[in-house]
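**Student:** Take this structure first; my questions come after.
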Amino acid sequence: MDPIVAILAGGRSRRMGRPKPALELGGRPLISYPLAAARAAGLEPWIVAKRGSELPPAECRLLFEPDEPRHPLLGVVTALRDARPAPVLALAADMPFVTGELLSRLAACDSTAAVEAEGRLQPLLARYEAAVLESLERALAADAAATAALEALEPEAIEAPPLCCFNVNSPADLERAEQLLAG
């Protein structure tokens, strides 16, 4: 069964100071990059966000997560609940350099897996099996760090270059992403 790509867009954007999914990067909304990567991998993207989130138009399913708690795992848990029994590839909406090839590698795994760059597992660039839902719900209820919750699952590590894990969290990151796109 092919996984669903849950593009996680429910964050507060505190460091950016404004909602990130609709930010313009290279003349396109920031969220369009992970959407394009999912489609390049031949996978179905879903956007997971809070109600009232500022999102650009996108031709895909929109799934709303609860307003509380505010936690990076909430979008993953919400997507897993809705996608069961399909696995979910979690992908942060602010990762413009993820490739379809990397998502295809994650999708081809037989169990929970996560991208690892520079020795660090990426909880928001990972494959979660439906069987780990209860474990993630417990981690969410305990307000555990997303990385610790992922590590407890003992995922397969998929090596990737650091650029694939670059997130646009601040105005300086957005400027850096523009420079990287420009080549």
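Following the order of the structure tokens, first chain is A, next is B, and so on, with residues numbered from 1 inside each chain and ligands from 1 in the order they appear.
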Using only C-alpha atoms, determine which residues lie at most 12 Å from A:Arg14, disregarding the query and same-chain residues fewer than 2 positions distant; provide the list as a list in words.
**Tutor:**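 Counting only C-alpha atoms, the residues come to Gly10, Gly11, Arg12, Met16, Gly17, Arg18, Pro19, Lys20, Val168, Asn169, Ser170 and Pro171 of chain A.
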**Student:** For stretch 38-53 of chain A, list every protein, DNA or RNA residue within 9 Å, evaluated using only C-alpha atoms, and leave out those in the same chain fewer than 5 positions away; present the list as an MDAnalysis selection string.
**Tutor:** chainID A and resid 2:11 19 21 33 58 60:67 75:76 78:79 93 99:104 107
**Student:** Please dump the current selection as a JSON list (two decimals), in the first residue's frame; keep N, CA and C atoms.
**Tutor:**
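That gives us selection_21.json:
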[["chain", "number", "residue", "atom", "x", "y", "z"],
["A", 2, "ASP", "N", 0.64, 2.13, -0.95],
["A", 2, "ASP", "CA", 1.42, 3.37, -1.02],
["A", 2, "ASP", "C", 1.11, 4.27, 0.17],
["A", 3, "PRO", "N", 2.13, 4.93, 0.69],
["A", 3, "PRO", "CA", 1.88, 5.88, 1.78],
["A", 3, "PRO", "C", 1.25, 7.17, 1.25],
["A", 4, "ILE", "N", 0.61, 7.87, 2.14],
["A", 4, "ILE", "CA", 0.12, 9.23, 1.91],
["A", 4, "ILE", "C", 1.24, 10.17, 2.32],
["A", 5, "VAL", "N", 1.44, 11.25, 1.61],
["A", 5, "VAL", "CA", 2.41, 12.27, 2.02],
["A", 5, "VAL", "C", 1.64, 13.35, 2.77],
["A", 6, "ALA", "N", 1.86, 13.44, 4.07],
["A", 6, "ALA", "CA", 1.21, 14.45, 4.90],
["A", 6, "ALA", "C", 2.12, 15.67, 4.98],
["A", 7, "ILE", "N", 1.74, 16.72, 4.29],
["A", 7, "ILE", "CA", 2.52, 17.95, 4.30],
["A", 7, "ILE", "C", 2.03, 18.77, 5.48],
["A", 8, "LEU", "N", 2.89, 18.90, 6.46],
["A", 8, "LEU", "CA", 2.52, 19.45, 7.76],
["A", 8, "LEU", "C", 2.63, 20.97, 7.75],
["A", 9, "ALA", "N", 1.47, 21.63, 7.86],
["A", 9, "ALA", "CA", 1.40, 23.08, 7.75],
["A", 9, "ALA", "C", 0.68, 23.71, 8.95],
["A", 10, "GLY", "N", 0.73, 23.04, 10.10],
["A", 10, "GLY", "CA", -0.01, 23.52, 11.26],
["A", 10, "GLY", "C", 0.78, 24.30, 12.28],
["A", 11, "GLY", "N", 2.02, 24.66, 11.94],
["A", 11, "GLY", "CA", 2.86, 25.38, 12.90],
["A", 11, "GLY", "C", 2.49, 26.84, 13.06],
["A", 19, "PRO", "N", 2.60, 33.43, 8.49],
["A", 19, "PRO", "CA", 2.40, 32.04, 8.05],
["A", 19, "PRO", "C", 3.35, 31.66, 6.89],
["A", 21, "PRO", "N", 3.36, 28.66, 4.79],
["A", 21, "PRO", "CA", 2.99, 27.95, 3.57],
["A", 21, "PRO", "C", 2.79, 28.83, 2.34],
["A", 33, "TYR", "N", 6.60, 23.50, -3.06],
["A", 33, "TYR", "CA", 7.78, 22.66, -3.25],
["A", 33, "TYR", "C", 7.58, 21.25, -2.70],
["A", 58, "ALA", "N", -4.45, 24.77, -3.36],
["A", 58, "ALA", "CA", -3.70, 23.55, -3.70],
["A", 58, "ALA", "C", -4.71, 22.47, -4.06],
["A", 60, "CYS", "N", -5.33, 19.25, -3.61],
["A", 60, "CYS", "CA", -5.09, 18.03, -2.86],
["A", 60, "CYS", "C", -6.03, 18.04, -1.65],
["A", 61, "ARG", "N", -6.05, 16.96, -0.95],
["A", 61, "ARG", "CA", -6.89, 16.86, 0.23],
["A", 61, "ARG", "C", -6.35, 17.75, 1.35],
["A", 62, "LEU", "N", -7.24, 18.41, 2.05],
["A", 62, "LEU", "CA", -6.88, 19.24, 3.20],
["A", 62, "LEU", "C", -7.47, 18.59, 4.43],
["A", 63, "LEU", "N", -6.63, 18.28, 5.39],
["A", 63, "LEU", "CA", -7.04, 17.62, 6.62],
["A", 63, "LEU", "C", -6.74, 18.57, 7.77],
["A", 64, "PHE", "N", -7.74, 18.77, 8.65],
["A", 64, "PHE", "CA", -7.54, 19.68, 9.77],
["A", 64, "PHE", "C", -7.18, 18.91, 11.03],
["A", 65, "GLU", "N", -6.11, 19.39, 11.69],
["A", 65, "GLU", "CA", -5.72, 18.84, 12.98],
["A", 65, "GLU", "C", -6.38, 19.70, 14.06],
["A", 66, "PRO", "N", -6.51, 19.17, 15.28],
["A", 66, "PRO", "CA", -7.09, 19.97, 16.37],
["A", 66, "PRO", "C", -6.23, 21.21, 16.66],
["A", 67, "ASP", "N", -6.85, 22.21, 17.25],
["A", 67, "ASP", "CA", -6.11, 23.43, 17.61],
["A", 67, "ASP", "C", -5.09, 23.17, 18.71],
["A", 75, "GLY", "N", 0.25, 16.77, 13.64],
["A", 75, "GLY", "CA", -0.09, 16.56, 12.23],
["A", 75, "GLY", "C", 0.16, 15.13, 11.79],
["A", 76, "VAL", "N", 1.23, 14.54, 12.28],
["A", 76, "VAL", "CA", 1.53, 13.14, 11.94],
["A", 76, "VAL", "C", 0.45, 12.23, 12.50],
["A", 78, "THR", "N", -2.63, 13.02, 13.34],
["A", 78, "THR", "CA", -3.89, 13.30, 12.64],
["A", 78, "THR", "C", -3.92, 12.58, 11.29],
["A", 79, "ALA", "N", -2.83, 12.65, 10.55],
["A", 79, "ALA", "CA", -2.76, 11.99, 9.25],
["A", 79, "ALA", "C", -2.82, 10.47, 9.38],
["A", 93, "ALA", "N", 6.00, 21.47, 5.67],
["A", 93, "ALA", "CA", 5.62, 22.36, 4.58],
["A", 93, "ALA", "C", 6.70, 23.37, 4.24],
["A", 99, "THR", "N", 13.34, 16.13, -2.42],
["A", 99, "THR", "CA", 13.17, 15.67, -3.80],
["A", 99, "THR", "C", 12.16, 14.52, -3.88],
["A", 100, "GLY", "N", 11.61, 14.35, -5.05],
["A", 100, "GLY", "CA", 10.75, 13.20, -5.29],
["A", 100, "GLY", "C", 11.51, 11.90, -5.13],
["A", 101, "GLU", "N", 12.78, 11.90, -5.51],
["A", 101, "GLU", "CA", 13.60, 10.70, -5.39],
["A", 101, "GLU", "C", 13.76, 10.30, -3.92],
["A", 102, "LEU", "N", 13.97, 11.28, -3.05],
["A", 102, "LEU", "CA", 14.10, 10.97, -1.61],
["A", 102, "LEU", "C", 12.78, 10.44, -1.06],
["A", 103, "LEU", "N", 11.68, 11.05, -1.45],
["A", 103, "LEU", "CA", 10.36, 10.56, -0.99],
["A", 103, "LEU", "C", 10.10, 9.15, -1.52],
["A", 104, "SER", "N", 10.53, 8.86, -2.73],
["A", 104, "SER", "CA", 10.38, 7.51, -3.28],
["A", 104, "SER", "C", 11.17, 6.50, -2.45],
["A", 107, "ALA", "N", 9.26, 5.95, 0.71],
["A", 107, "ALA", "CA", 8.04, 5.19, 0.42],
["A", 107, "ALA", "C", 8.34, 3.71, 0.21]]
**Student:** Find the residues near A:Ala182: any atom within 12 Å, counting only C-alpha atoms, skip ones fewer than 6 places away on the same chain, and give them as an MDAnalysis selection string.
**Tutor:** chainID A and resid 25:27 175:176
**Student:** For the selection you just gave me, I'd like the residues written to a file as an mmCIF file, in the first residue's frame, keeping C-alpha atoms.
**Tutor:**
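File again_34.cif, as written:
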data_model
loop_
_atom_site.group_PDB
_atom_site.id
_atom_site.type_symbol
_atom_site.label_atom_id
_atom_site.label_comp_id
_atom_site.auth_asym_id
_atom_site.auth_seq_id
_atom_site.Cartn_x
_atom_site.Cartn_y
_atom_site.Cartn_z
ATOM 1 C CA LEU A 25 9.997 31.501 -2.683
ATOM 2 C CA GLY A 26 11.271 31.679 -6.232
ATOM 3 C CA GLY A 27 7.933 33.077 -7.385
ATOM 4 C CA GLU A 175 16.734 34.699 1.990
ATOM 5 C CA ARG A 176 19.162 31.755 2.057
#
**Student:** Could you list, as a ChimeraX atom specification, every residue within 12 Å of A:Leu124, counting only C-alpha atoms and ignoring same-chain residues fewer than 6 positions away?
**Tutor:** /A:5-9,11,34,71-77,88-95,98,113-116,145-147,149-150,164-167
**Student:** Since we have the selection now, will you write its residues out, keeping C-alpha atoms, as a short mmCIF file (atom, residue, chain, number, x, y, z; two decimals), in the first residue's frame?
**Tutor:**
data_model
loop_
_atom_site.label_atom_id
_atom_site.label_comp_id
_atom_site.auth_asym_id
_atom_site.auth_seq_id
_atom_site.Cartn_x
_atom_site.Cartn_y
_atom_site.Cartn_z
CA VAL A 5 2.41 12.27 2.02
CA ALA A 6 1.21 14.45 4.90
CA ILE A 7 2.52 17.95 4.30
CA LEU A 8 2.52 19.45 7.76
CA ALA A 9 1.40 23.08 7.75
CA GLY A 11 2.86 25.38 12.90
CA PRO A 34 6.89 19.70 -0.99
CA HIS A 71 3.11 20.02 18.81
CA PRO A 72 4.99 18.88 15.69
CA LEU A 73 3.66 15.32 16.10
CA LEU A 74 0.01 16.37 16.03
CA GLY A 75 -0.09 16.56 12.23
CA VAL A 76 1.53 13.14 11.94
CA VAL A 77 -0.95 11.61 14.39
CA VAL A 88 2.20 8.25 6.20
CA LEU A 89 5.25 10.08 4.96
CA ALA A 90 5.51 13.19 7.13
CA LEU A 91 6.95 16.19 5.32
CA ALA A 92 7.23 19.69 6.76
CA ALA A 93 5.62 22.36 4.58
CA ASP A 94 8.73 24.52 4.92
CA MET A 95 11.21 22.09 3.30
CA VAL A 98 13.12 17.67 -0.59
CA ALA A 113 11.99 5.07 8.50
CA ALA A 114 13.41 8.56 8.74
CA VAL A 115 15.78 10.70 6.80
CA GLU A 116 19.06 11.21 8.57
CA ALA A 145 10.10 15.87 21.77
CA ALA A 146 9.34 14.76 18.21
CA THR A 147 12.89 13.49 17.69
CA ALA A 149 9.42 9.93 19.89
CA LEU A 150 10.84 9.00 16.50
CA CYS A 164 17.09 18.07 1.65
CA CYS A 165 16.37 18.84 5.31
CA PHE A 166 16.73 22.62 5.05
CA ASN A 167 13.69 24.33 6.59
#
**Student:** When DSSP works through the backbone of this structure, what residues of stretch 20-132 of chain A end up as strand (DSSP E or B), shown as a VMD selection string?
**Tutor:** chain A and resid 24 to 25 28 to 29 44 to 50 61 to 65 88 to 92 113 to 117 120 to 128
**Student:** Output the selection as a tab-separated table (two decimals), in the first residue's frame - C-alpha atoms for each residue.
**Tutor:**
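part-v6.tsv written:
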chain	number	residue	atom	x	y	z
A	24	GLU	CA	6.79	33.33	-1.84
A	25	LEU	CA	10.00	31.50	-2.68
A	28	ARG	CA	5.91	30.21	-5.88
A	29	PRO	CA	4.29	29.50	-2.51
A	44	GLU	CA	-0.77	11.45	-3.00
A	45	PRO	CA	-0.17	14.62	-0.99
A	46	TRP	CA	-2.46	15.80	1.81
A	47	ILE	CA	-2.02	19.11	3.58
A	48	VAL	CA	-2.49	18.88	7.36
A	49	ALA	CA	-3.12	22.25	9.02
A	50	LYS	CA	-5.07	24.02	11.71
A	61	ARG	CA	-6.89	16.86	0.23
A	62	LEU	CA	-6.88	19.24	3.20
A	63	LEU	CA	-7.04	17.62	6.62
A	64	PHE	CA	-7.54	19.68	9.77
A	65	GLU	CA	-5.72	18.84	12.98
A	88	VAL	CA	2.20	8.25	6.20
A	89	LEU	CA	5.25	10.08	4.96
A	90	ALA	CA	5.51	13.19	7.13
A	91	LEU	CA	6.95	16.19	5.32
A	92	ALA	CA	7.23	19.69	6.76
A	113	ALA	CA	11.99	5.07	8.50
A	114	ALA	CA	13.41	8.56	8.74
A	115	VAL	CA	15.78	10.70	6.80
A	116	GLU	CA	19.06	11.21	8.57
A	117	ALA	CA	21.28	14.16	7.71
A	120	ARG	CA	20.31	13.61	13.04
A	121	LEU	CA	17.02	11.84	12.37
A	122	GLN	CA	14.32	14.08	10.91
A	123	PRO	CA	10.89	13.46	12.50
A	124	LEU	CA	9.20	15.69	9.91
A	125	LEU	CA	10.78	13.86	7.00
A	126	ALA	CA	9.93	10.31	7.92
A	127	ARG	CA	7.72	7.32	7.14
A	128	TYR	CA	5.34	6.25	9.90
**Student:** How far is it from atom CA of A:Glu129 to atom CA of A:Pro57, in Å with one decimal?
**Tutor:**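 We find that atom CA of A:Glu129 and atom CA of A:Pro57 lie 28.7 Å from each other.
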**Student:** Give me every helix (DSSP H, G or I) residue in chain A, going by DSSP on the backbone, as a ChimeraX atom specification.
**Tutor:** /A:32-40,72-83,100-107,130-141,146-152,162-165,171-182
**Student:** Can you measure atom CA of A:Leu181 to atom CA of A:Ala22 for me? One decimal in Å is fine.
**Tutor:**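 So the answer is 17.2 Å.
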